[in-house]
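Report on the structure given below.
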Amino acid sequence: MVVLKPGRSDPQEPALAASSTATASLVAPDRGNRFDGARAWAMLEYQVELGPRPAGSSESRRLAAYIRARLPRGRYEKLPGGLRNVVGEIPGKGKAILVGAHYDTKDIPGFVGANDGAGGTAQMLQVAADLRRMKRPAGAPPIRFVAFDGEEATDDADFYGTGLRGSKPYARKHAKQLQAMILLDFVADKDLGIPRDASSDPGLWAKLRAAAQKVGSGDAFPALDQGTVEDDHTPFIRRGVPSIDLIDFVFACWHKTCDDLTAVSEQSLDTSGEAVLELLRELSSTA
């Protein structure tokens with residue numbers, strides 16, 4: 001799914017455990033009640049009910065159709081090897097803000113990816129739905145949404161080379177049209193605590209943390225850093241796009257079959273979703 005650069009922390013490193021915050025402390029007050037967590041949770045459950053969804057599978061294609069129907073101006077973008085990204089857009093002026101998530105799951109028997117795939121995808125879809133209902137100021141930038149296919153590597157020893165099969169071509173084609181990229185990955189695990197991945201843009205991350213504090217989700221984004229994570233934001237960073245990755249990498253069920261509904265919570269999905277929605281609202285207002 002994702003890999004930490006050599007010399008960085010293993011996903012289970014105890015030193016990062018301090019970034020996890022008990023779910024009970026993550027309740028957002030009414031001032032952050034814009035993101036529809038219940039609806040996002042239903043979309044997470046739908047994905048899990050489909051079962052394993054490795055890239056190119058019939059379940060993956062079924063999910064792609066589901067995503068396309070729920071994104072504004074939803075359409076497919078073909079990729080090599082018969083894969084396809086699902087893209088959408090809220091129109092605007094100037095360079096776009098990209099919100100992304102991957103919708104494939106690791107090709108492991110019985111692996112349903114409730115957090116690793118379904119959580120980020122559900123949150124992206126709900127952010128798109130909530131933004132469409134909001135009044136945006138004149139001159140607001142376009143907001144693009146991409147559900148990336150083929151994020152998981154076919155050879156874990158060469159993650160960047162054999163994974164990120166949707167984000168690499170998209171970045172190559174569209175990076176010059178973007179002002180920022182926000183990747184939603186591990187955003188629904190029960191013990192939610194998302195420190196900054198060391199490659200995530202510090203300025204954009206600071207804006208995310210400020211947005212989280214504003215809507216009462218601050219505990220979910222502690223003032224901590226974790227190791228550099230290679231993920232779907234990496235191709236954009238390499239092309240000069242300020243990018244951040246929302247990933248709680250202290251996750252005991254990473255690439256394990258226990259990454260099911262017992263490993264995630266509606267409350268976590270809602271808490272992180274409120275922060276993302278507020279960040280996008282503010283970026284739209286100040287662009």
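As shown in the structure tokens, the chain order sets the letters A, B, ...; within each chain, residues go from 1, and ligands are also counted from 1 in the order they appear.
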(Q) Which of segment 42-97 of chain A end up as strand (DSSP E or B) when DSSP is run on this backbone - answer as a list in words? (A) Arg75, Tyr76, Glu77, Lys78, Arg84, Asn85, Val86, Val87, Gly88, Glu89, Ile90, Ala96 and Ile97 of chain A
Counting only C-alpha atoms, which residues of segment 155-257 of chain A sit at most 12 Å from some atom of segment 126-145 of chain A, and what is each one's closest atom pair with its distance in Å to one decimal, listed by chain and rising residue number, as a Markdown table?
```
| residue | atom | partner | partner_atom | distance |
| --- | --- | --- | --- | --- |
| A:Ser167 | CA | A:Phe145 | CA | 12.0 |
| A:Tyr170 | CA | A:Phe145 | CA | 11.6 |
| A:His174 | CA | A:Arg144 | CA | 10.8 |
| A:Ala175 | CA | A:Arg144 | CA | 11.9 |
| A:Gln177 | CA | A:Pro142 | CA | 10.0 |
| A:Leu178 | CA | A:Arg144 | CA | 9.2 |
| A:Gln179 | CA | A:Pro141 | CA | 9.1 |
| A:Ala180 | CA | A:Ile143 | CA | 9.8 |
| A:Met181 | CA | A:Arg144 | CA | 9.3 |
| A:Ile182 | CA | A:Phe145 | CA | 9.7 |
| A:Leu183 | CA | A:Phe145 | CA | 10.0 |
| A:Leu184 | CA | A:Val127 | CA | 10.8 |
```
**Q.** Given only C-alpha atoms as the counted atoms, nearest of A:Glu274, A:Asp155, A:Gly193, A:Val187 to Ala212 of chain A
**A.** A:Glu274
Q.
List the spatial neighbours of segment 238-253 of chain A as a PyMOL selection string - criterion: any atom at most 8 Å away, only C-alpha atoms, same-chain residues fewer than 4 positions off excluded.
A. chain A and resi 11-13+16-17+20+171-172+175+178-187+189+192-197+199-201+204-205+231+233-234+257-259+263
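Separating atom CA of Thr154 of chain A from atom CA of Ala55 of chain A is a distance of 9.9 Å.
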Q: May I have the residues within 10 Å of Ala65 of chain A as number ranges by chain, using only C-alpha atoms and disregarding those fewer than 5 positions away in the same chain?
A: A: 60, 70, 74-76, 86
Q | Those of segment 123-256 of chain A in DSSP helix (DSSP H, G or I), formatted as number ranges by chain | A | A: 123-133, 156-162, 167-177, 202-214, 218-220, 234-237
Resulting file, chosen residues, N, CA and C atoms, as a compact mmCIF listing (two decimals), in the first residue's frame:
```
# COMPACT_ATOMS: atom_id res chain seq x y z
N GLN A 123 -14.66 9.35 2.00
CA GLN A 123 -14.51 10.73 2.44
C GLN A 123 -14.43 11.68 1.24
N MET A 124 -13.70 11.29 0.21
CA MET A 124 -13.60 12.13 -0.98
C MET A 124 -14.97 12.33 -1.62
N LEU A 125 -15.74 11.27 -1.74
CA LEU A 125 -17.07 11.38 -2.34
C LEU A 125 -17.98 12.30 -1.52
N GLN A 126 -17.90 12.19 -0.20
CA GLN A 126 -18.77 13.02 0.62
C GLN A 126 -18.31 14.48 0.64
N VAL A 127 -17.01 14.71 0.63
CA VAL A 127 -16.50 16.08 0.52
C VAL A 127 -17.02 16.71 -0.77
N ALA A 128 -16.98 15.95 -1.86
CA ALA A 128 -17.49 16.47 -3.14
C ALA A 128 -18.97 16.82 -3.03
N ALA A 129 -19.74 15.94 -2.41
CA ALA A 129 -21.18 16.17 -2.28
C ALA A 129 -21.46 17.40 -1.40
N ASP A 130 -20.72 17.54 -0.29
CA ASP A 130 -20.96 18.66 0.60
C ASP A 130 -20.52 19.98 -0.03
N LEU A 131 -19.41 19.96 -0.76
CA LEU A 131 -18.96 21.19 -1.42
C LEU A 131 -19.95 21.66 -2.47
N ARG A 132 -20.57 20.73 -3.16
CA ARG A 132 -21.54 21.10 -4.20
C ARG A 132 -22.72 21.85 -3.60
N ARG A 133 -23.03 21.61 -2.34
CA ARG A 133 -24.16 22.28 -1.71
C ARG A 133 -23.79 23.65 -1.13
N ASP A 156 6.17 -5.28 -4.18
CA ASP A 156 6.41 -4.39 -3.05
C ASP A 156 7.87 -3.96 -2.93
N ALA A 157 8.78 -4.70 -3.54
CA ALA A 157 10.19 -4.32 -3.51
C ALA A 157 10.45 -3.09 -4.39
N ASP A 158 9.53 -2.80 -5.29
CA ASP A 158 9.64 -1.64 -6.17
C ASP A 158 8.31 -0.91 -6.14
N PHE A 159 8.01 -0.32 -4.98
CA PHE A 159 6.68 0.27 -4.80
C PHE A 159 6.43 1.40 -5.78
N TYR A 160 7.36 2.36 -5.88
CA TYR A 160 7.12 3.49 -6.78
C TYR A 160 7.05 3.02 -8.23
N GLY A 161 7.85 2.05 -8.58
CA GLY A 161 7.87 1.59 -9.96
C GLY A 161 6.65 0.80 -10.37
N THR A 162 6.12 -0.03 -9.47
CA THR A 162 5.01 -0.92 -9.85
C THR A 162 3.69 -0.53 -9.21
N SER A 167 -1.86 7.55 -10.14
CA SER A 167 -1.40 8.90 -9.80
C SER A 167 -0.21 9.34 -10.65
N LYS A 168 0.67 8.43 -11.01
CA LYS A 168 1.83 8.83 -11.82
C LYS A 168 1.41 9.38 -13.19
N PRO A 169 0.56 8.68 -13.95
CA PRO A 169 0.13 9.26 -15.23
C PRO A 169 -0.67 10.55 -15.06
N TYR A 170 -1.50 10.61 -14.01
CA TYR A 170 -2.30 11.82 -13.81
C TYR A 170 -1.40 13.01 -13.52
N ALA A 171 -0.41 12.82 -12.65
CA ALA A 171 0.50 13.91 -12.34
C ALA A 171 1.29 14.35 -13.56
N ARG A 172 1.72 13.38 -14.33
CA ARG A 172 2.49 13.70 -15.54
C ARG A 172 1.67 14.56 -16.50
N LYS A 173 0.38 14.30 -16.58
CA LYS A 173 -0.48 14.99 -17.53
C LYS A 173 -1.03 16.31 -16.99
N HIS A 174 -1.29 16.38 -15.69
CA HIS A 174 -2.08 17.50 -15.16
C HIS A 174 -1.37 18.36 -14.12
N ALA A 175 -0.17 18.02 -13.70
CA ALA A 175 0.46 18.72 -12.57
C ALA A 175 0.52 20.23 -12.78
N LYS A 176 0.78 20.69 -13.99
CA LYS A 176 0.91 22.12 -14.25
C LYS A 176 -0.40 22.87 -14.07
N GLN A 177 -1.51 22.15 -14.01
CA GLN A 177 -2.81 22.78 -13.85
C GLN A 177 -3.23 22.88 -12.39
N PRO A 202 4.74 21.64 4.38
CA PRO A 202 4.50 22.20 5.72
C PRO A 202 3.45 23.30 5.74
N GLY A 203 3.46 24.17 4.73
CA GLY A 203 2.50 25.27 4.72
C GLY A 203 1.07 24.80 4.56
N LEU A 204 0.86 23.87 3.65
CA LEU A 204 -0.49 23.34 3.43
C LEU A 204 -0.93 22.53 4.63
N TRP A 205 0.01 21.81 5.25
CA TRP A 205 -0.34 21.03 6.45
C TRP A 205 -0.73 21.96 7.59
N ALA A 206 -0.04 23.07 7.73
CA ALA A 206 -0.39 24.04 8.78
C ALA A 206 -1.81 24.57 8.57
N LYS A 207 -2.18 24.78 7.33
CA LYS A 207 -3.54 25.23 7.03
C LYS A 207 -4.56 24.15 7.39
N LEU A 208 -4.21 22.88 7.14
CA LEU A 208 -5.10 21.79 7.53
C LEU A 208 -5.28 21.75 9.04
N ARG A 209 -4.19 21.88 9.78
CA ARG A 209 -4.29 21.84 11.24
C ARG A 209 -5.11 23.02 11.77
N ALA A 210 -4.93 24.18 11.16
CA ALA A 210 -5.72 25.34 11.59
C ALA A 210 -7.20 25.12 11.30
N ALA A 211 -7.50 24.53 10.14
CA ALA A 211 -8.90 24.23 9.80
C ALA A 211 -9.47 23.21 10.78
N ALA A 212 -8.66 22.22 11.14
CA ALA A 212 -9.11 21.19 12.09
C ALA A 212 -9.41 21.81 13.45
N GLN A 213 -8.55 22.70 13.90
CA GLN A 213 -8.79 23.38 15.19
C GLN A 213 -10.08 24.18 15.13
N LYS A 214 -10.32 24.81 14.01
CA LYS A 214 -11.50 25.67 13.88
C LYS A 214 -12.79 24.88 14.00
N GLY A 218 -9.11 19.21 16.09
CA GLY A 218 -7.68 19.40 16.26
C GLY A 218 -6.96 18.20 16.84
N ASP A 219 -7.60 17.46 17.74
CA ASP A 219 -6.94 16.31 18.36
C ASP A 219 -6.58 15.23 17.34
N ALA A 220 -7.25 15.23 16.20
CA ALA A 220 -6.98 14.21 15.18
C ALA A 220 -5.71 14.50 14.40
N THR A 234 3.05 11.43 -3.91
CA THR A 234 4.47 11.52 -4.25
C THR A 234 4.73 11.98 -5.69
N PRO A 235 4.00 11.45 -6.69
CA PRO A 235 4.25 11.94 -8.05
C PRO A 235 3.99 13.43 -8.22
N PHE A 236 3.09 13.97 -7.43
CA PHE A 236 2.78 15.41 -7.51
C PHE A 236 3.88 16.23 -6.85
N ILE A 237 4.39 15.74 -5.72
CA ILE A 237 5.52 16.42 -5.07
C ILE A 237 6.70 16.48 -6.02
```
Q.
For a quick check of understanding, using only C-alpha atoms, which of A:Asn33, A:Thr262, A:Thr105, A:Thr228 has the smallest distance to Ser57 of chain A?
A. A:Thr105
Q | Among the residues A:Lys256, A:Lys190, A:Arg34, A:Arg73, the one that comes closest to Pro52 of chain A [using only C-alpha atoms] | A |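 Ranking A:Lys256, A:Lys190, A:Arg34, A:Arg73 by distance to Pro52 of chain A, first place goes to A:Lys256.
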Q: Rank A:Gly51, A:Gly110, A:Gly120, A:Gly150 by their smallest atom-to-atom distance to Asn85 of chain A, using only C-alpha atoms, and report the top residue only.
A: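 Between A:Gly51, A:Gly110, A:Gly120, A:Gly150, the residue approaching Asn85 of chain A most closely is A:Gly150.
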